[in-house]
Amino acid sequence: MAAVEWRVVWRVVRRRLRRMANTPHERRLVAFVLLVLTGFVWGVASAPPVPLVPAPPPEPPVPEAVAEIEAGRPVGFEVGGIDISSHDHRKFTVHWPTEVAAGSQFVYVKATEGTSYVNPHFAADYTAAKAAGRYVGAYVYARPDKGDPVGQAEHFLRHARFTRDARTLVPFVDLEWPYAGVNSGPCYNLTPAQMRAWIGAFIGRIEQAVGRKPMIYTNTYWWNPCTGDDTSYGDYPLDIANYTKGPPKLPAGWTTFALWQYAPGNPDEAHSHDRDVVNGGPDGLKALAWPPPR
């Protein structure tokens, strides 16, 4: 606090203390308090200003990583991006200057899983991606084996930070094989009919909340057998996971895709993240943000 501010406070306190002193004992107590405060106030007021520490210079991009990212994108797809989760912090973190320099224009960040898990890095990654000027969205890893599709959807919505603006991407739900450690079969021990019902309830709750169709992330070889070749979602945006050089084979019901995850990340390597491209270039990316395309 500046010296002039301390002096104002000091005068107010001194007047009030003196009004309180009605007996000799109280007057002695006030005198003692004033003595202590006088030393404190003038000590603070006369203290030298704390020097400002200059901010460290921004980190430069890593040229070798930039070149590798740019060269790895499928031919014909100019807009790239990444999707990340807590795994991307196992040894390294996202190096935003490199991603920006390499043209990674969007980021999807895992928010939740089930009805209790929240990615501990979600808030920091989401905020950093926004600060880097990227399009940003949240995704949820679906757990059909845990049941309660509406509860899982609502848990996600509480943490997804979805806003209706031109830089926030529509949420997506990750529907794929269980990862190591999930004790279930490839279709989470559900029949195709049970899986269709679970997906319908989950997707319906998300769509109701955000006011547009969420995106579905999946792989043809999981979707077709686990949903019984369900064609109900062909008009929902699709994020297709397929690590081939050519165009990916699409699941039942879809004739096109919005995003293509063309390369998996390796958390043991720097700058290695799940990498995606947009179908339709800049306009395709804008169509995944608000307002929805007409």
# chains A, B, ... in the order shown; residues from 1 in each chain; ligands from 1

$ residues_around --residues "stretch 253-269 of chain A" --least-positions-apart "4" --cutoff "7 Å" --atoms "only C-alpha atoms" --output "list in words"
His87, Asp88, Arg90, Lys91, Asp230, Thr231, Ser232, Tyr233, Gly234, Pro237, Leu238, Asp239, Ile240, Ala241, Asn242, Tyr243, Thr244, His273, Asp274, Arg275, Asp276, Val277, Val278 and Asn279 of chain A

$ residues_around --residues "A:Asp229" --least-positions-apart "5" --cutoff "8 Å" --atoms "only C-alpha atoms" --output "list in words"
Trp223, Asn224, Pro251, Ala252 and Gly253 of chain A

$ write_last_selection --atoms "N, CA and C atoms" --output "compact mmCIF listing (two decimals), in the first residue's frame"
# COMPACT_ATOMS: atom_id res chain seq x y z
N TRP A 223 -17.30 -49.57 -34.15
CA TRP A 223 -18.71 -49.14 -34.27
C TRP A 223 -19.58 -50.22 -34.91
N ASN A 224 -19.17 -50.74 -36.02
CA ASN A 224 -20.04 -51.66 -36.75
C ASN A 224 -20.40 -52.91 -35.95
N PRO A 251 -17.74 -45.72 -40.77
CA PRO A 251 -18.68 -46.64 -40.13
C PRO A 251 -20.05 -46.59 -40.82
N ALA A 252 -20.89 -47.55 -40.49
CA ALA A 252 -22.23 -47.62 -41.05
C ALA A 252 -22.99 -46.32 -40.79
N GLY A 253 -23.63 -45.82 -41.82
CA GLY A 253 -24.45 -44.62 -41.69
C GLY A 253 -23.79 -43.34 -42.14

$ select_by_dssp --residues "stretch 213-276 of chain A" --states "alpha helix (DSSP H)" --output "number ranges by chain"
A: 220-227

$ atom_distance --atom1 "atom CA of A:Lys130" --atom2 "atom CA of A:Pro97"
13.0 Å

$ closest_residue --among "A:Leu175, A:Ala209, A:Ala180, A:Val62" --to "A:Val150" --atoms "only C-alpha atoms"
A:Ala209

$ residues_around --residues "A:Ala124" --least-positions-apart "5" --cutoff "12 Å" --atoms "only C-alpha atoms" --output "ChimeraX atom specification"
/A:84-86,89,93-94,109-111,119,129-131

$ closest_residue --among "A:Tyr135, A:Trp290, A:Tyr179, A:Tyr141" --to "A:Tyr117" --atoms "only C-alpha atoms"
A:Tyr141

$ atom_distance --atom1 "atom CA of A:Gly103" --atom2 "atom CA of A:Arg134"
9.8 Å

$ decode --residues "stretch 128-155 of chain A" --atoms "N, CA and C atoms" --output "CSV table (one decimal), in the first residue's frame"
chain,number,residue,atom,x,y,z
A,128,ALA,N,-4.7,-22.8,-21.7
A,128,ALA,CA,-3.5,-22.5,-22.5
A,128,ALA,C,-3.8,-22.5,-24.0
A,129,ALA,N,-4.7,-23.4,-24.4
A,129,ALA,CA,-5.0,-23.5,-25.8
A,129,ALA,C,-5.8,-22.3,-26.3
A,130,LYS,N,-6.7,-21.8,-25.4
A,130,LYS,CA,-7.5,-20.6,-25.7
A,130,LYS,C,-6.5,-19.4,-25.8
A,131,ALA,N,-5.6,-19.3,-24.8
A,131,ALA,CA,-4.6,-18.2,-24.8
A,131,ALA,C,-3.7,-18.2,-26.1
A,132,ALA,N,-3.5,-19.4,-26.6
A,132,ALA,CA,-2.7,-19.6,-27.8
A,132,ALA,C,-3.5,-19.2,-29.1
A,133,GLY,N,-4.8,-18.9,-28.9
A,133,GLY,CA,-5.6,-18.5,-30.1
A,133,GLY,C,-6.1,-19.7,-30.9
A,134,ARG,N,-6.2,-20.9,-30.3
A,134,ARG,CA,-6.6,-22.1,-31.0
A,134,ARG,C,-8.2,-22.2,-30.8
A,135,TYR,N,-8.8,-22.8,-31.8
A,135,TYR,CA,-10.2,-23.3,-31.6
A,135,TYR,C,-10.0,-24.5,-30.5
A,136,VAL,N,-11.0,-24.5,-29.5
A,136,VAL,CA,-10.8,-25.5,-28.4
A,136,VAL,C,-12.2,-26.1,-28.2
A,137,GLY,N,-12.1,-27.4,-27.9
A,137,GLY,CA,-13.3,-28.2,-27.5
A,137,GLY,C,-13.0,-29.2,-26.5
A,138,ALA,N,-14.0,-29.7,-25.8
A,138,ALA,CA,-13.8,-30.8,-24.8
A,138,ALA,C,-14.4,-32.1,-25.3
A,139,TYR,N,-13.8,-33.2,-24.8
A,139,TYR,CA,-14.4,-34.5,-25.1
A,139,TYR,C,-14.5,-35.3,-23.9
A,140,VAL,N,-15.3,-36.4,-24.0
A,140,VAL,CA,-15.6,-37.3,-22.9
A,140,VAL,C,-15.3,-38.7,-23.4
A,141,TYR,N,-14.6,-39.4,-22.6
A,141,TYR,CA,-14.4,-40.9,-22.9
A,141,TYR,C,-15.6,-41.7,-22.3
A,142,ALA,N,-16.3,-42.3,-23.2
A,142,ALA,CA,-17.5,-43.0,-22.8
A,142,ALA,C,-17.2,-44.3,-22.1
A,143,ARG,N,-17.9,-44.6,-21.1
A,143,ARG,CA,-17.8,-45.9,-20.4
A,143,ARG,C,-19.1,-46.6,-20.3
A,144,PRO,N,-19.6,-47.2,-21.4
A,144,PRO,CA,-20.8,-48.0,-21.4
A,144,PRO,C,-20.9,-49.1,-20.3
A,145,ASP,N,-19.7,-49.6,-19.9
A,145,ASP,CA,-19.7,-50.7,-18.9
A,145,ASP,C,-20.2,-50.2,-17.5
A,146,LYS,N,-20.1,-48.8,-17.3
A,146,LYS,CA,-20.5,-48.3,-16.0
A,146,LYS,C,-22.0,-47.8,-16.0
A,147,GLY,N,-22.7,-48.0,-17.1
A,147,GLY,CA,-24.1,-47.7,-17.2
A,147,GLY,C,-24.3,-46.2,-17.1
A,148,ASP,N,-25.5,-45.8,-16.6
A,148,ASP,CA,-25.9,-44.4,-16.3
A,148,ASP,C,-25.4,-43.4,-17.4
A,149,PRO,N,-25.9,-43.6,-18.6
A,149,PRO,CA,-25.5,-42.7,-19.7
A,149,PRO,C,-25.8,-41.2,-19.5
A,150,VAL,N,-27.0,-41.0,-18.9
A,150,VAL,CA,-27.4,-39.6,-18.6
A,150,VAL,C,-26.5,-39.0,-17.5
A,151,GLY,N,-26.2,-39.8,-16.5
A,151,GLY,CA,-25.3,-39.3,-15.4
A,151,GLY,C,-23.9,-39.0,-15.9
A,152,GLN,N,-23.4,-39.8,-16.8
A,152,GLN,CA,-22.1,-39.6,-17.4
A,152,GLN,C,-22.1,-38.3,-18.3
A,153,ALA,N,-23.2,-38.1,-19.0
A,153,ALA,CA,-23.3,-37.0,-19.9
A,153,ALA,C,-23.4,-35.7,-19.0
A,154,GLU,N,-24.1,-35.7,-17.9
A,154,GLU,CA,-24.3,-34.5,-17.1
A,154,GLU,C,-23.0,-34.2,-16.4
A,155,HIS,N,-22.2,-35.2,-16.0
A,155,HIS,CA,-20.9,-35.0,-15.3
A,155,HIS,C,-20.0,-34.3,-16.3
